[in-house]
>>> print(open('entry.txt').read())   # compact mmCIF, C-alpha atoms
# COMPACT_ATOMS: atom_id res chain seq x y z
CA MET B 660 40.24 64.78 7.34
CA PHE B 661 36.78 64.00 5.94
CA SER B 662 36.65 60.71 7.88
CA LYS B 663 37.25 62.77 11.06
CA CYS B 664 34.15 64.85 10.24
CA ILE B 665 32.08 61.70 9.76
CA TYR B 666 33.52 60.24 12.99
CA ASP B 667 32.52 63.43 14.86
CA ILE B 668 28.97 63.27 13.45
CA LEU B 669 28.64 59.59 14.36
CA SER B 670 30.01 60.26 17.84
CA LYS B 671 27.51 63.04 18.44
CA TYR B 672 24.38 61.66 16.73
CA GLY B 673 24.91 57.92 16.23
CA GLN B 674 23.51 55.19 18.40
CA ASP B 675 25.63 52.88 20.51
CA VAL B 676 26.31 49.57 18.77
CA LYS B 677 28.28 46.45 19.60
CA ILE B 678 29.87 44.30 16.92
CA LEU B 679 29.92 40.61 17.88
CA ILE B 680 31.18 37.31 16.50
CA ASP B 681 30.23 34.13 18.39
CA GLY B 682 29.03 36.26 21.31
CA ILE B 683 32.41 37.96 21.67
CA ILE B 684 32.34 41.76 21.46
CA LEU B 685 34.86 42.88 18.82
CA ALA B 686 34.04 46.57 18.97
CA LYS B 687 31.82 49.15 20.59
CA THR B 688 31.15 52.21 18.45
CA LYS B 689 28.54 54.67 17.26
CA ALA B 690 26.68 54.19 13.98
CA PHE B 691 23.54 55.03 12.08
CA ILE B 692 21.13 52.16 11.42
CA SER B 693 18.04 52.92 9.37
CA ASN B 694 15.33 50.94 7.63
CA LEU B 695 15.82 50.92 3.86
CA ASN B 696 12.74 52.49 2.30
CA PHE B 697 11.96 52.36 -1.38
CA LYS B 698 10.00 54.81 -3.53
CA ASN B 699 8.21 51.99 -5.34
CA SER B 700 6.56 50.05 -2.53
CA SER B 701 4.99 47.56 -4.96
CA SER B 702 8.45 46.10 -5.65
CA LYS B 703 9.73 43.50 -3.22
CA LYS B 704 13.30 43.88 -4.43
CA THR B 705 15.39 46.54 -6.03
CA PHE B 706 18.85 46.39 -7.52
CA LYS B 707 21.46 48.94 -6.64
CA GLU B 708 25.11 49.29 -7.50
CA PHE B 709 25.83 47.76 -4.08
CA GLY B 710 23.88 44.60 -4.90
CA GLU B 711 20.46 43.12 -4.31
CA VAL B 712 18.53 44.70 -1.46
CA GLU B 713 15.43 43.07 -0.02
CA GLU B 714 12.50 44.73 1.68
CA GLY B 715 13.05 44.79 5.44
CA ASP B 716 16.80 45.30 5.23
CA TYR B 717 18.62 48.01 7.15
CA LEU B 718 21.38 50.43 6.22
CA TYR B 719 24.40 50.72 8.53
CA ILE B 720 26.81 53.65 8.34
CA GLY B 721 29.73 53.38 10.72
CA PRO B 722 33.26 54.65 11.26
CA GLU B 723 36.08 53.63 8.95
CA ASP B 724 38.06 52.00 11.75
CA VAL B 725 35.40 49.32 12.43
CA ARG B 726 36.03 47.25 9.30
CA LEU B 727 32.93 45.11 8.89
CA ASP B 728 33.99 44.46 5.29
CA LEU B 729 36.85 42.22 6.49
CA PHE B 730 34.60 39.59 8.11
CA ASP B 731 32.51 36.70 6.83
CA ALA B 732 29.11 38.39 7.01
CA SER B 733 27.18 35.31 8.15
CA TYR B 734 28.90 35.39 11.57
CA VAL B 735 28.79 39.10 12.41
CA PHE B 736 26.03 40.53 14.59
CA ILE B 737 25.39 44.19 15.34
CA ASN B 738 23.53 44.90 18.57
CA THR B 739 21.85 48.10 19.63
CA GLU B 740 20.06 48.71 22.91
CA ASN B 741 16.82 47.29 21.48
CA GLU B 742 17.65 45.25 18.39
CA GLU B 743 20.01 42.64 17.01
CA TYR B 744 21.00 42.56 13.34
CA LEU B 745 22.90 40.13 11.14
CA LEU B 746 25.44 41.55 8.71
CA LYS B 747 24.62 40.67 5.10
CA LYS B 748 27.28 42.66 3.26
CA ALA B 749 29.66 45.52 3.96
CA GLU B 750 31.88 47.73 1.85
CA LYS B 751 34.31 50.60 2.29
CA VAL B 752 33.33 54.03 1.02
CA TYR B 753 36.19 56.10 -0.37
CA LEU B 754 36.89 59.75 -0.88
CA LYS B 755 39.83 59.78 -3.25
CA ASN B 756 42.14 57.12 -1.74
CA ASP B 757 40.90 57.30 1.85
CA VAL B 758 38.24 55.11 3.44
CA ILE B 759 35.81 57.56 5.04
CA TYR B 760 33.15 55.19 6.42
CA ILE B 761 31.77 51.65 6.23
CA TRP B 762 28.44 51.06 4.49
CA ALA B 763 26.57 47.83 5.18
CA ILE B 764 23.29 46.01 4.69
CA LEU B 765 21.81 44.34 7.78
CA SER B 766 18.79 42.17 8.46
CA LYS B 767 17.00 41.88 11.79
CA HIS B 768 17.96 38.80 13.74
CA ILE B 769 15.52 37.09 16.07
CA ARG B 770 17.19 34.88 18.65
CA GLU B 771 15.89 31.37 19.09
CA VAL B 772 14.90 30.59 22.65
>>> encode(input="entry.txt", output="structure tokens")
Amino acid sequence: MFSKCIYDILSKYGQDVKILIDGIILAKTKAFISNLNFKNSSSKKTFKEFGEVEEGDYLYIGPEDVRLDLFDASYVFINTENEEYLLKKAEKVYLKNDVIYIWAILSKHIREV
């Protein structure tokens, strides 16, 4: 039930993203991608329960049915209309026993020409 609410919010307000491995599109969905900002800008790194987060990383929040947590992160790319990101780490977020969304850390990827 709660995952349906999150899915509806993502569908209405999220941006279009494509999930790719080796150039093959695995999924098209809607997600939120946002720059991770820190209160203490003098620190280059901060430690969270999720793990080490570096300056310049991005937060991904996506639907529970696009399971980024099941893939080897070094091969997964997330494309938006204007940017390409590399998956660093992903985890499921639970409410009681139900996965309600996927939370991930991304870094910008610059393609070599």
>>> atom_distance(input="entry.txt", atom1="CA of Leu685 in chain B", atom2="CA of Val725 in chain B")
9.1 Å
>>> residues_near_point(input="entry.txt", point="(29.7, 51.6, 18.4)", cutoff="6 Å", atoms="only C-alpha atoms", output="ChimeraX atom specification")
/B:675-677,687-690
>>> closest_residue(input="entry.txt", among="B:Ile769, B:Ile668, B:Leu718, B:Leu679", to="Asn694 in chain B", atoms="only C-alpha atoms")
B:Leu718
>>> atom_distance(input="entry.txt", atom1="CA of Lys767 in chain B", atom2="CA of Cys664 in chain B")
28.7 Å
>>> residues_around(input="entry.txt", residues="Asp731 in chain B", least_positions_apart="5", cutoff="10 Å", atoms="all atoms listed in the file", output="VMD selection string")
chain B and resid 680 746 to 749
>>> closest_residue(input="entry.txt", among="B:Leu669, B:Leu727, B:Ala686, B:Met660", to="Ile761 in chain B", atoms="all atoms listed in the file")
B:Leu727
>>> atom_distance(input="entry.txt", atom1="CA of Tyr666 in chain B", atom2="CA of Lys755 in chain B")
17.4 Å
>>> residues_near_point(input="entry.txt", point="(37.0, 49.0, 10.6)", cutoff="10 Å", atoms="all atoms listed in the file", output="PyMOL selection string")
chain B and resi 686+721-729+751+758+760-761
>>> closest_residue(input="entry.txt", among="B:Phe691, B:Tyr753, B:Trp762, B:Phe661", to="Thr739 in chain B", atoms="all atoms listed in the file")
B:Phe691
>>> closest_residue(input="entry.txt", among="B:Phe736, B:Phe730, B:Tyr744, B:Tyr717", to="Ile683 in chain B", atoms="all atoms listed in the file")
B:Phe736
